[in-house]
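J.: Could you have a look at this structure, given as structure tokens, before my questions?
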There are 2 protein chains.
Amino acid sequence: MSSRALPYRPHNHDACVSHALAEARAICQQQNARLTPTRERVLELIWQSHKPLGAYDVLAKLTSEGHNAAPPTVYRALDFLQQYGLVHRIASLNAFTGCTHAGKHHTGMFLICRACGNVLELMESSVTTAIENAASAEAFQPEAITLEVAGLCPGCQADQHHE
Amino acid sequence: MSSRALPYRPHNHDACVSHALAEARAICQQQNARLTPTRERVLELIWQSHKPLGAYDVLAKLTSEGHNAAPPTVYRALDFLQQYGLVHRIASLNAFTGCTHAGKHHTGMFLICRACGNVLELMESSVTTAIENAASAEAFQPEAITLEVAGLCPGCQADQHHE
DNA sequence: CAAGGTTTGCAACATTATAACATTTGCAGG
DNA sequence: CCTGCAAATGTTATAATGTTGCAAACCTTG
Ligand SMILES: [Zn+2]
Ligand SMILES: [Zn+2]
Ligand SMILES: [Zn+2]
Ligand SMILES: [Zn+2]
């Protein structure tokens, strides 16, 4: 099955990263936001794989690179990146992952593999609609949706059988 | 509109509590689980309103009652209660709320009012189905769904206009 | 260059959660 | 009733995650 989504199979991940960075630069330029070196580097670190990274993981990488960083350094960069829709926070993991639909208006739905840790972000309007309908039925006005599904990705389901 | 869900209107909340406690006792008895005094008290504290309570809020109440409690006391009780489906953890708030569908097999969907803090737990099979379908389309095997919707409850939408 | 806003450095602190080990409690079998 | 085991609790310390406040550095724009 070669139609599996990117995180679930070997792929040229450098392409993911450079695409994400290019998009980020475009989006920030368009909105007059300053993608400073620290912010860009944090984004790049977040994108180093499809596994979400904790703020303190990012911090460790920064300091190991000689960057003089403290927790606020990282959290501020992450706040900025979230604000411009370049990264998402995964509440159930206390971790951050690069947005794969940057620029497009969307509500993220995250498939989180508990075995390999990779995350796939989906943009399913049918799901969003179902959620909004359920909220409407209670006269509730939704503003932000947190939707995170933990389970096994295709690759890790296969691995289960070999054990 | 008197058909609004309980958390969103004045109601006899003592009935909510005693119902929840009765259910908890029944469920634990049925499963040979020990609803010890501490566990029961924690459940009762969680149920003191429809606003989720942080673990340290619970801890503070316990100690203020003279109970000799430390963080593990509370987390252990909460783990137990979660295990038997009596409370849910709200990941986006790092807080806990009583389950309003205890006993029934369900995936909770939480409507969280950012103004008043009340939470309504829904059980919407249409939403669950849409999520599972989206996961299936990526050959992902879901195990646990975190679905939390932040926004404004009916009451607080009305309050907005008065400001 | 001078003023004013934005970004960063830095130190301290706050909040949430877990680890490790000793002690007590409830209960089943002798 | 005892005895011994497993489950539950007490206790202390520590880990992990996130925030506040203030001063210095840095753009940008007139
Ligand atoms: Zn990739
Ligand atoms: Zn996997
Ligand atoms: Zn109630
Ligand atoms: Zn409200």
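Naming scheme: A, B, ... for chains in displayed order of the structure tokens; residues 1 onward per chain; ligands 1 onward as shown.
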Using only C-alpha atoms and all ligand atoms, what table do you get, as a tab-separated table, when you list each residue of chain A with an atom no more than 12 Å from ligand 4, its nearest pair of atoms, and their distance in Å rounded to one decimal, rows by chain then rising number?
T.:
residue	atom	partner	partner_atom_place_in_ligand_line	distance
A:Ala139	CA	ligand 4	1 (Zn)	11.1
A:Phe140	CA	ligand 4	1 (Zn)	9.0
A:Gln141	CA	ligand 4	1 (Zn)	10.0
A:Pro142	CA	ligand 4	1 (Zn)	11.5
J.: Dump N, CA and C atoms for the selected residues as a PDB file, in the first residue's frame?
T.:
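Result saved to again-v9.pdb:
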ATOM      1  N   ALA A 139     -26.977  24.583  21.759  1.00  0.00           N
ATOM      2  CA  ALA A 139     -26.878  26.046  21.717  1.00  0.00           C
ATOM      3  C   ALA A 139     -25.503  26.537  22.158  1.00  0.00           C
ATOM      4  N   PHE A 140     -24.510  25.693  21.956  1.00  0.00           N
ATOM      5  CA  PHE A 140     -23.141  26.036  22.336  1.00  0.00           C
ATOM      6  C   PHE A 140     -22.418  26.604  21.126  1.00  0.00           C
ATOM      7  N   GLN A 141     -21.657  27.672  21.365  1.00  0.00           N
ATOM      8  CA  GLN A 141     -20.953  28.347  20.272  1.00  0.00           C
ATOM      9  C   GLN A 141     -19.464  27.969  20.300  1.00  0.00           C
ATOM     10  N   PRO A 142     -19.057  27.065  19.423  1.00  0.00           N
ATOM     11  CA  PRO A 142     -17.676  26.571  19.446  1.00  0.00           C
ATOM     12  C   PRO A 142     -16.698  27.612  18.941  1.00  0.00           C
TER      13      PRO A 142
END
J.: Could you please extract the residues within 8 Å of ligand 3, counting only C-alpha atoms (C1' of nucleotides) and all ligand atoms, and hand them back as a PDB file with N, CA and C atoms, in the first residue's frame?
T.:
ATOM      1  N   LEU B   6     -28.329  20.616  31.777  1.00  0.00           N
ATOM      2  CA  LEU B   6     -28.185  20.937  33.202  1.00  0.00           C
ATOM      3  C   LEU B   6     -27.121  21.972  33.561  1.00  0.00           C
ATOM      4  N   PRO B   7     -25.867  21.785  33.089  1.00  0.00           N
ATOM      5  CA  PRO B   7     -24.848  22.715  33.578  1.00  0.00           C
ATOM      6  C   PRO B   7     -25.173  24.160  33.240  1.00  0.00           C
ATOM      7  N   HIS B  11     -30.105  24.372  38.716  1.00  0.00           N
ATOM      8  CA  HIS B  11     -30.760  23.080  38.914  1.00  0.00           C
ATOM      9  C   HIS B  11     -30.384  22.552  40.295  1.00  0.00           C
ATOM     10  N   ASN B  12     -31.087  21.551  40.674  1.00  0.00           N
ATOM     11  CA  ASN B  12     -30.796  20.933  41.965  1.00  0.00           C
ATOM     12  C   ASN B  12     -29.541  20.094  41.828  1.00  0.00           C
ATOM     13  N   HIS B  13     -28.435  20.743  42.099  1.00  0.00           N
ATOM     14  CA  HIS B  13     -27.180  20.044  41.828  1.00  0.00           C
ATOM     15  C   HIS B  13     -26.905  18.932  42.837  1.00  0.00           C
ATOM     16  N   ASP B  14     -27.473  19.056  44.021  1.00  0.00           N
ATOM     17  CA  ASP B  14     -27.313  17.960  44.980  1.00  0.00           C
ATOM     18  C   ASP B  14     -27.814  16.642  44.386  1.00  0.00           C
ATOM     19  N   ALA B  15     -28.817  16.749  43.545  1.00  0.00           N
ATOM     20  CA  ALA B  15     -29.320  15.534  42.906  1.00  0.00           C
ATOM     21  C   ALA B  15     -28.270  14.963  41.967  1.00  0.00           C
ATOM     22  N   CYS B  16     -27.560  15.847  41.227  1.00  0.00           N
ATOM     23  CA  CYS B  16     -26.476  15.386  40.361  1.00  0.00           C
ATOM     24  C   CYS B  16     -25.484  14.593  41.200  1.00  0.00           C
ATOM     25  N   VAL B  17     -25.108  15.174  42.330  1.00  0.00           N
ATOM     26  CA  VAL B  17     -24.069  14.561  43.154  1.00  0.00           C
ATOM     27  C   VAL B  17     -24.523  13.221  43.689  1.00  0.00           C
ATOM     28  N   TRP B  47     -17.359  16.386  41.857  1.00  0.00           N
ATOM     29  CA  TRP B  47     -18.736  16.625  41.467  1.00  0.00           C
ATOM     30  C   TRP B  47     -19.328  17.881  42.109  1.00  0.00           C
ATOM     31  N   SER B  49     -19.330  20.723  41.358  1.00  0.00           N
ATOM     32  CA  SER B  49     -19.964  21.577  40.354  1.00  0.00           C
ATOM     33  C   SER B  49     -19.692  20.971  38.996  1.00  0.00           C
ATOM     34  N   HIS B  50     -20.164  21.659  37.960  1.00  0.00           N
ATOM     35  CA  HIS B  50     -19.900  21.159  36.608  1.00  0.00           C
ATOM     36  C   HIS B  50     -18.653  21.803  36.024  1.00  0.00           C
TER      37      HIS B  50
END
J.: Could I get the residue neighbourhood of ligand 2 at 8 Å, counting only C-alpha atoms (C1' of nucleotides) and all ligand atoms, as a ChimeraX atom specification?
T.: /A:8,112-118,152-157
J.: Those residues with N, CA, C and O atoms, as an mmCIF file, in the first residue's frame please?
T.:
data_model
loop_
_atom_site.group_PDB
_atom_site.id
_atom_site.type_symbol
_atom_site.label_atom_id
_atom_site.label_comp_id
_atom_site.auth_asym_id
_atom_site.auth_seq_id
_atom_site.Cartn_x
_atom_site.Cartn_y
_atom_site.Cartn_z
ATOM 1 N N TYR A 8 3.676 7.682 7.783
ATOM 2 C CA TYR A 8 3.591 6.244 8.004
ATOM 3 C C TYR A 8 4.482 5.433 7.079
ATOM 4 O O TYR A 8 4.407 4.208 7.040
ATOM 5 N N ILE A 112 -2.586 9.955 16.414
ATOM 6 C CA ILE A 112 -1.341 9.810 17.165
ATOM 7 C C ILE A 112 -1.054 8.349 17.427
ATOM 8 O O ILE A 112 -1.811 7.688 18.145
ATOM 9 N N CYS A 113 0.028 7.839 16.848
ATOM 10 C CA CYS A 113 0.350 6.430 17.062
ATOM 11 C C CYS A 113 1.041 6.268 18.407
ATOM 12 O O CYS A 113 2.070 6.882 18.658
ATOM 13 N N ARG A 114 0.492 5.412 19.250
ATOM 14 C CA ARG A 114 1.064 5.234 20.584
ATOM 15 C C ARG A 114 2.331 4.379 20.532
ATOM 16 O O ARG A 114 3.080 4.303 21.503
ATOM 17 N N ALA A 115 2.556 3.713 19.411
ATOM 18 C CA ALA A 115 3.737 2.848 19.310
ATOM 19 C C ALA A 115 4.926 3.630 18.751
ATOM 20 O O ALA A 115 5.995 3.642 19.335
ATOM 21 N N CYS A 116 4.753 4.257 17.601
ATOM 22 C CA CYS A 116 5.903 4.918 16.981
ATOM 23 C C CYS A 116 5.923 6.417 17.262
ATOM 24 O O CYS A 116 6.932 7.076 17.027
ATOM 25 N N GLY A 117 4.836 6.954 17.736
ATOM 26 C CA GLY A 117 4.813 8.358 18.120
ATOM 27 C C GLY A 117 4.536 9.326 16.990
ATOM 28 O O GLY A 117 4.407 10.528 17.227
ATOM 29 N N ASN A 118 4.432 8.825 15.775
ATOM 30 C CA ASN A 118 4.177 9.734 14.658
ATOM 31 C C ASN A 118 2.753 10.253 14.682
ATOM 32 O O ASN A 118 1.837 9.574 15.133
ATOM 33 N N LEU A 152 -3.137 3.021 16.815
ATOM 34 C CA LEU A 152 -2.011 2.413 16.110
ATOM 35 C C LEU A 152 -2.032 2.797 14.638
ATOM 36 O O LEU A 152 -3.057 2.654 13.969
ATOM 37 N N CYS A 153 -0.904 3.267 14.158
ATOM 38 C CA CYS A 153 -0.801 3.592 12.741
ATOM 39 C C CYS A 153 -0.679 2.304 11.937
ATOM 40 O O CYS A 153 -0.420 1.239 12.495
ATOM 41 N N PRO A 154 -0.882 2.371 10.632
ATOM 42 C CA PRO A 154 -0.847 1.168 9.803
ATOM 43 C C PRO A 154 0.435 0.359 10.012
ATOM 44 O O PRO A 154 0.363 -0.854 10.218
ATOM 45 N N GLY A 155 1.565 1.011 10.006
ATOM 46 C CA GLY A 155 2.831 0.304 10.171
ATOM 47 C C GLY A 155 2.904 -0.453 11.488
ATOM 48 O O GLY A 155 3.313 -1.610 11.540
ATOM 49 N N CYS A 156 2.475 0.196 12.550
ATOM 50 C CA CYS A 156 2.592 -0.426 13.869
ATOM 51 C C CYS A 156 1.547 -1.504 14.100
ATOM 52 O O CYS A 156 1.750 -2.398 14.924
ATOM 53 N N GLN A 157 0.431 -1.448 13.380
ATOM 54 C CA GLN A 157 -0.518 -2.554 13.456
ATOM 55 C C GLN A 157 0.142 -3.816 12.920
ATOM 56 O O GLN A 157 0.019 -4.902 13.500
#
J.: From a DSSP pass on the backbone, collect the residues of region 2-160 of chain B flagged as alpha helix (DSSP H) and hand them back as a PyMOL selection string.
T.: chain B and resi 13-30+37-46+55-64+71-83+125-137+154-160
J.: Could you write out that same residue set with C-alpha atoms as a tab-separated table (two decimals), in the first residue's frame?
T.:
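That gives us out_6.tsv:
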chain	number	residue	atom	x	y	z
B	13	HIS	CA	-27.18	20.04	41.83
B	14	ASP	CA	-27.31	17.96	44.98
B	15	ALA	CA	-29.32	15.53	42.91
B	16	CYS	CA	-26.48	15.39	40.36
B	17	VAL	CA	-24.07	14.56	43.15
B	18	SER	CA	-26.11	11.95	44.92
B	19	HIS	CA	-26.97	10.31	41.62
B	20	ALA	CA	-23.30	10.19	40.65
B	21	LEU	CA	-22.30	8.75	44.00
B	22	ALA	CA	-25.01	6.12	43.90
B	23	GLU	CA	-23.95	5.09	40.41
B	24	ALA	CA	-20.33	4.95	41.47
B	25	ARG	CA	-21.13	2.68	44.39
B	26	ALA	CA	-23.15	0.38	42.16
B	27	ILE	CA	-20.47	0.21	39.48
B	28	CYS	CA	-17.70	-0.49	41.95
B	29	GLN	CA	-19.67	-3.14	43.77
B	30	GLN	CA	-20.49	-4.83	40.47
B	37	PRO	CA	-13.51	6.76	51.69
B	38	THR	CA	-10.75	8.80	50.07
B	39	ARG	CA	-11.78	7.79	46.58
B	40	GLU	CA	-15.41	8.51	47.31
B	41	ARG	CA	-14.57	11.87	48.82
B	42	VAL	CA	-12.46	12.83	45.80
B	43	LEU	CA	-15.32	11.86	43.50
B	44	GLU	CA	-17.67	13.97	45.58
B	45	LEU	CA	-15.32	16.95	45.42
B	46	ILE	CA	-14.98	16.60	41.66
B	55	ALA	CA	-5.76	17.83	41.01
B	56	TYR	CA	-4.27	20.44	43.30
B	57	ASP	CA	-7.67	22.02	43.84
B	58	VAL	CA	-8.88	18.67	45.07
B	59	LEU	CA	-5.78	18.35	47.20
B	60	ALA	CA	-6.39	21.73	48.78
B	61	LYS	CA	-9.96	20.84	49.68
B	62	LEU	CA	-8.87	17.55	51.18
B	63	THR	CA	-6.19	19.10	53.33
B	64	SER	CA	-8.52	21.90	54.39
B	71	PRO	CA	-0.26	14.84	45.57
B	72	PRO	CA	-0.05	11.06	45.14
B	73	THR	CA	-3.15	10.66	47.29
B	74	VAL	CA	-5.16	12.66	44.81
B	75	TYR	CA	-3.61	11.34	41.63
B	76	ARG	CA	-4.08	7.78	42.79
B	77	ALA	CA	-7.72	8.37	43.56
B	78	LEU	CA	-8.20	10.08	40.22
B	79	ASP	CA	-6.49	7.22	38.39
B	80	PHE	CA	-8.83	4.81	40.06
B	81	LEU	CA	-11.90	6.86	39.23
B	82	GLN	CA	-10.80	7.25	35.61
B	83	GLN	CA	-10.16	3.54	35.34
B	125	SER	CA	-22.42	8.50	18.14
B	126	SER	CA	-22.63	10.45	14.87
B	127	VAL	CA	-19.49	12.35	15.81
B	128	THR	CA	-17.70	9.23	16.96
B	129	THR	CA	-18.61	7.50	13.72
B	130	ALA	CA	-17.35	10.38	11.60
B	131	ILE	CA	-14.06	10.33	13.49
B	132	GLU	CA	-13.68	6.59	13.16
B	133	ASN	CA	-14.40	6.76	9.46
B	134	ALA	CA	-11.77	9.43	8.95
B	135	ALA	CA	-9.27	7.31	10.87
B	136	SER	CA	-10.17	4.21	8.87
B	137	ALA	CA	-9.57	6.06	5.63
B	154	PRO	CA	-25.81	29.54	25.89
B	155	GLY	CA	-25.90	31.53	29.11
B	156	CYS	CA	-22.59	33.23	28.51
B	157	GLN	CA	-23.48	34.11	24.93
B	158	ALA	CA	-26.38	36.13	26.33
B	159	ASP	CA	-24.09	37.83	28.84
B	160	GLN	CA	-21.85	38.98	26.00
J.: Using only C-alpha atoms (C1' of nucleotides), find which residues of chain A lie within 9 Å of chain C and jot them down as a VMD selection string.
T.: chain A and resid 36 68 to 70 73
J.: Smallest atom-to-atom distance to chain B: which of D:DG18, D:DG10, D:DG4, D:DG30, using only C-alpha atoms (C1' of nucleotides)?
T.: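 Selected residue with least distance to chain B: D:DG10.
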J.: Give me, as number ranges by chain, the contact residues of chain D against chain B at a cut-off of 9 Å, counting only C-alpha atoms (C1' of nucleotides).
T.: D: 8-11
J.: Give me, please, the distance in Å between C1' of DA15 (chain D) and CA of Arg89 (chain A), quoted to one decimal.
T.: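 C1' of DA15 (chain D) sits 21.2 Å away from CA of Arg89 (chain A).
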J.: Would you mind reading off the distance between CA of Leu120 (chain A) and CA of Gly103 (chain A), one decimal, in Å?
T.: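 Going from CA of Leu120 (chain A) over to CA of Gly103 (chain A) covers 17.2 Å.
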J.: Could you please determine the separation between CA of Val149 (chain B) and CA of Met109 (chain A) in Å, to one decimal place?
T.: 12.4 Å
J.: Which polymer residues have any atom within 7 Å of an atom of region 98-102 of chain B, counting only C-alpha atoms (C1' of nucleotides), with same-chain residues fewer than 6 positions away left out, as a PyMOL selection string?
T.: chain B and resi 46-47+85-88+121
J.: As a tab-separated table (two decimals) with all heavy atoms, in the first residue's frame, list the residues of chain A assigned to strand (DSSP E) by DSSP on the backbone atoms of this structure.
T.:
chain	number	residue	atom	x	y	z
A	87	VAL	N	2.47	25.78	13.85
A	87	VAL	CA	2.57	24.56	14.65
A	87	VAL	C	1.28	24.40	15.46
A	87	VAL	O	0.53	25.36	15.66
A	87	VAL	CB	3.78	24.56	15.62
A	87	VAL	CG1	5.08	24.89	14.91
A	87	VAL	CG2	3.54	25.53	16.78
A	88	HIS	N	1.06	23.16	15.88
A	88	HIS	CA	-0.08	22.88	16.76
A	88	HIS	C	0.45	22.30	18.06
A	88	HIS	O	1.45	21.59	18.06
A	88	HIS	CB	-1.00	21.85	16.12
A	88	HIS	CG	-1.71	22.31	14.90
A	88	HIS	ND1	-2.72	23.22	14.92
A	88	HIS	CD2	-1.54	21.98	13.60
A	88	HIS	CE1	-3.15	23.43	13.68
A	88	HIS	NE2	-2.45	22.69	12.86
A	89	ARG	N	-0.28	22.58	19.12
A	89	ARG	CA	0.02	21.93	20.39
A	89	ARG	C	-0.88	20.72	20.52
A	89	ARG	O	-2.10	20.80	20.29
A	89	ARG	CB	-0.25	22.89	21.54
A	89	ARG	CG	0.23	22.36	22.87
A	89	ARG	CD	-0.07	23.35	24.00
A	89	ARG	NE	-0.78	22.64	25.04
A	89	ARG	CZ	-0.17	22.09	26.08
A	89	ARG	NH1	1.11	22.19	26.22
A	89	ARG	NH2	-0.88	21.43	26.97
A	90	ILE	N	-0.29	19.58	20.88
A	90	ILE	CA	-1.07	18.37	21.13
A	90	ILE	C	-1.28	18.26	22.63
A	90	ILE	O	-0.37	17.93	23.38
A	90	ILE	CB	-0.31	17.12	20.61
A	90	ILE	CG1	0.13	17.31	19.15
A	90	ILE	CG2	-1.16	15.89	20.77
A	90	ILE	CD1	-0.99	17.38	18.17
A	95	ALA	N	2.91	18.45	23.81
A	95	ALA	CA	3.98	18.51	22.82
A	95	ALA	C	3.48	19.25	21.58
A	95	ALA	O	2.29	19.54	21.46
A	95	ALA	CB	4.44	17.10	22.46
A	96	PHE	N	4.42	19.55	20.70
A	96	PHE	CA	4.11	20.40	19.55
A	96	PHE	C	4.50	19.71	18.26
A	96	PHE	O	5.48	18.97	18.21
A	96	PHE	CB	4.85	21.72	19.70
A	96	PHE	CG	4.49	22.46	20.95
A	96	PHE	CD1	5.06	22.14	22.17
A	96	PHE	CD2	3.52	23.46	20.93
A	96	PHE	CE1	4.71	22.81	23.34
A	96	PHE	CE2	3.16	24.14	22.09
A	96	PHE	CZ	3.76	23.81	23.29
A	97	THR	N	3.73	19.96	17.23
A	97	THR	CA	3.99	19.34	15.94
A	97	THR	C	3.77	20.35	14.83
A	97	THR	O	2.95	21.27	14.98
A	97	THR	CB	3.06	18.11	15.76
A	97	THR	OG1	3.53	17.34	14.67
A	97	THR	CG2	1.63	18.53	15.51
A	98	GLY	N	4.49	20.22	13.75
A	98	GLY	CA	4.35	21.15	12.64
A	98	GLY	C	3.00	21.01	11.96
A	98	GLY	O	2.50	19.90	11.80
A	109	MET	N	-7.27	17.58	13.06
A	109	MET	CA	-7.63	16.31	13.72
A	109	MET	C	-6.36	15.48	13.68
A	109	MET	O	-5.79	15.30	12.60
A	109	MET	CB	-8.75	15.64	12.95
A	109	MET	CG	-8.90	14.17	13.28
A	109	MET	SD	-10.38	13.44	12.53
A	109	MET	CE	-10.14	11.71	12.95
A	110	PHE	N	-5.92	15.01	14.82
A	110	PHE	CA	-4.61	14.38	14.89
A	110	PHE	C	-4.72	12.90	15.20
A	110	PHE	O	-5.39	12.51	16.17
A	110	PHE	CB	-3.76	15.08	15.96
A	110	PHE	CG	-3.57	16.54	15.67
A	110	PHE	CD1	-4.43	17.47	16.20
A	110	PHE	CD2	-2.57	16.97	14.82
A	110	PHE	CE1	-4.29	18.82	15.91
A	110	PHE	CE2	-2.42	18.31	14.51
A	110	PHE	CZ	-3.29	19.24	15.07
A	111	LEU	N	-4.08	12.09	14.36
A	111	LEU	CA	-3.99	10.66	14.60
A	111	LEU	C	-2.60	10.39	15.19
A	111	LEU	O	-1.59	10.61	14.52
A	111	LEU	CB	-4.17	9.88	13.30
A	111	LEU	CG	-5.47	10.18	12.53
A	111	LEU	CD1	-5.57	9.30	11.28
A	111	LEU	CD2	-6.69	9.96	13.42
A	112	ILE	N	-2.59	9.95	16.41
A	112	ILE	CA	-1.34	9.81	17.16
A	112	ILE	C	-1.05	8.35	17.43
A	112	ILE	O	-1.81	7.69	18.14
A	112	ILE	CB	-1.46	10.53	18.54
A	112	ILE	CG1	-1.90	11.97	18.34
A	112	ILE	CG2	-0.16	10.43	19.30
A	112	ILE	CD1	-2.37	12.64	19.60
A	113	CYS	N	0.03	7.84	16.85
A	113	CYS	CA	0.35	6.43	17.06
A	113	CYS	C	1.04	6.27	18.41
A	113	CYS	O	2.07	6.88	18.66
A	113	CYS	CB	1.24	5.90	15.95
A	113	CYS	SG	1.65	4.16	16.20
A	119	VAL	N	2.60	11.45	14.16
A	119	VAL	CA	1.29	12.08	14.14
A	119	VAL	C	0.92	12.47	12.73
A	119	VAL	O	1.76	13.00	11.98
A	119	VAL	CB	1.30	13.35	15.02
A	119	VAL	CG1	0.07	14.19	14.74
A	119	VAL	CG2	1.36	12.98	16.48
A	120	LEU	N	-0.31	12.17	12.37
A	120	LEU	CA	-0.84	12.60	11.07
A	120	LEU	C	-1.95	13.60	11.32
A	120	LEU	O	-2.87	13.33	12.08
A	120	LEU	CB	-1.39	11.39	10.31
A	120	LEU	CG	-2.18	11.69	9.03
A	120	LEU	CD1	-1.32	12.43	8.01
A	120	LEU	CD2	-2.72	10.40	8.43
A	121	GLU	N	-1.85	14.74	10.70
A	121	GLU	CA	-2.89	15.76	10.86
A	121	GLU	C	-3.85	15.68	9.69
A	121	GLU	O	-3.44	15.75	8.53
A	121	GLU	CB	-2.25	17.15	10.89
A	121	GLU	CG	-3.29	18.25	11.04
A	121	GLU	CD	-2.67	19.64	11.03
A	121	GLU	OE1	-1.44	19.75	10.99
A	121	GLU	OE2	-3.46	20.61	11.02
A	122	LEU	N	-5.12	15.57	10.01
A	122	LEU	CA	-6.14	15.51	8.97
A	122	LEU	C	-6.97	16.78	8.99
A	122	LEU	O	-7.04	17.48	9.99
A	122	LEU	CB	-7.07	14.32	9.19
A	122	LEU	CG	-6.44	12.93	9.15
A	122	LEU	CD1	-7.51	11.88	9.38
A	122	LEU	CD2	-5.74	12.70	7.82
A	141	GLN	N	-21.66	27.67	21.36
A	141	GLN	CA	-20.95	28.35	20.27
A	141	GLN	C	-19.46	27.97	20.30
A	141	GLN	O	-18.71	28.50	21.12
A	141	GLN	CB	-21.10	29.85	20.48
A	141	GLN	CG	-20.63	30.70	19.33
A	141	GLN	CD	-20.92	32.18	19.63
A	141	GLN	OE1	-20.10	32.90	20.19
A	141	GLN	NE2	-22.12	32.61	19.29
A	142	PRO	N	-19.06	27.06	19.42
A	142	PRO	CA	-17.68	26.57	19.45
A	142	PRO	C	-16.70	27.61	18.94
A	142	PRO	O	-17.01	28.40	18.04
A	142	PRO	CB	-17.69	25.38	18.48
A	142	PRO	CG	-19.06	25.29	17.93
A	142	PRO	CD	-19.84	26.48	18.32
A	143	GLU	N	-15.53	27.63	19.54
A	143	GLU	CA	-14.46	28.52	19.08
A	143	GLU	C	-13.20	27.74	18.72
A	143	GLU	O	-12.53	28.06	17.76
A	143	GLU	CB	-14.15	29.55	20.16
A	143	GLU	CG	-15.30	30.54	20.35
A	143	GLU	CD	-15.10	31.44	21.56
A	143	GLU	OE1	-14.17	31.20	22.34
A	143	GLU	OE2	-15.89	32.41	21.70
A	144	ALA	N	-12.89	26.75	19.52
A	144	ALA	CA	-11.68	25.96	19.25
A	144	ALA	C	-11.96	24.49	19.52
A	144	ALA	O	-12.57	24.14	20.54
A	144	ALA	CB	-10.54	26.44	20.13
A	145	ILE	N	-11.53	23.65	18.61
A	145	ILE	CA	-11.76	22.22	18.75
A	145	ILE	C	-10.45	21.49	18.96
A	145	ILE	O	-9.50	21.69	18.20
A	145	ILE	CB	-12.47	21.66	17.50
A	145	ILE	CG1	-13.83	22.32	17.33
A	145	ILE	CG2	-12.58	20.15	17.56
A	145	ILE	CD1	-14.58	21.88	16.08
A	146	THR	N	-10.39	20.70	20.01
A	146	THR	CA	-9.24	19.83	20.26
A	146	THR	C	-9.66	18.41	19.94
A	146	THR	O	-10.55	17.87	20.60
A	146	THR	CB	-8.82	19.90	21.74
A	146	THR	OG1	-8.45	21.23	22.06
A	146	THR	CG2	-7.65	18.97	22.02
A	147	LEU	N	-9.07	17.83	18.91
A	147	LEU	CA	-9.47	16.47	18.51
A	147	LEU	C	-8.22	15.63	18.27
A	147	LEU	O	-7.51	15.84	17.29
A	147	LEU	CB	-10.35	16.53	17.26
A	147	LEU	CG	-10.76	15.20	16.66
A	147	LEU	CD1	-11.29	14.24	17.69
A	147	LEU	CD2	-11.78	15.41	15.55
A	148	GLU	N	-7.96	14.74	19.19
A	148	GLU	CA	-6.75	13.94	19.13
A	148	GLU	C	-7.12	12.47	19.31
A	148	GLU	O	-7.74	12.11	20.30
A	148	GLU	CB	-5.79	14.40	20.25
A	148	GLU	CG	-5.43	15.88	20.08
A	148	GLU	CD	-4.72	16.46	21.30
A	148	GLU	OE1	-4.32	15.69	22.19
A	148	GLU	OE2	-4.57	17.70	21.35
A	149	VAL	N	-6.74	11.68	18.35
A	149	VAL	CA	-7.08	10.26	18.38
A	149	VAL	C	-5.81	9.45	18.59
A	149	VAL	O	-4.91	9.50	17.76
A	149	VAL	CB	-7.75	9.84	17.06
A	149	VAL	CG1	-8.14	8.38	17.12
A	149	VAL	CG2	-8.96	10.71	16.77
A	150	ALA	N	-5.76	8.74	19.68
A	150	ALA	CA	-4.61	7.87	19.95
A	150	ALA	C	-4.93	6.46	19.48
A	150	ALA	O	-6.08	6.02	19.57
A	150	ALA	CB	-4.29	7.87	21.44
A	151	GLY	N	-3.94	5.78	18.97
A	151	GLY	CA	-4.17	4.42	18.48
A	151	GLY	C	-2.93	3.89	17.81
A	151	GLY	O	-1.82	4.26	18.19
A	152	LEU	N	-3.14	3.02	16.81
A	152	LEU	CA	-2.01	2.41	16.11
A	152	LEU	C	-2.03	2.80	14.64
A	152	LEU	O	-3.06	2.65	13.97
A	152	LEU	CB	-2.07	0.89	16.22
A	152	LEU	CG	-1.63	0.28	17.54
A	152	LEU	CD1	-1.78	-1.24	17.50
A	152	LEU	CD2	-0.20	0.67	17.88
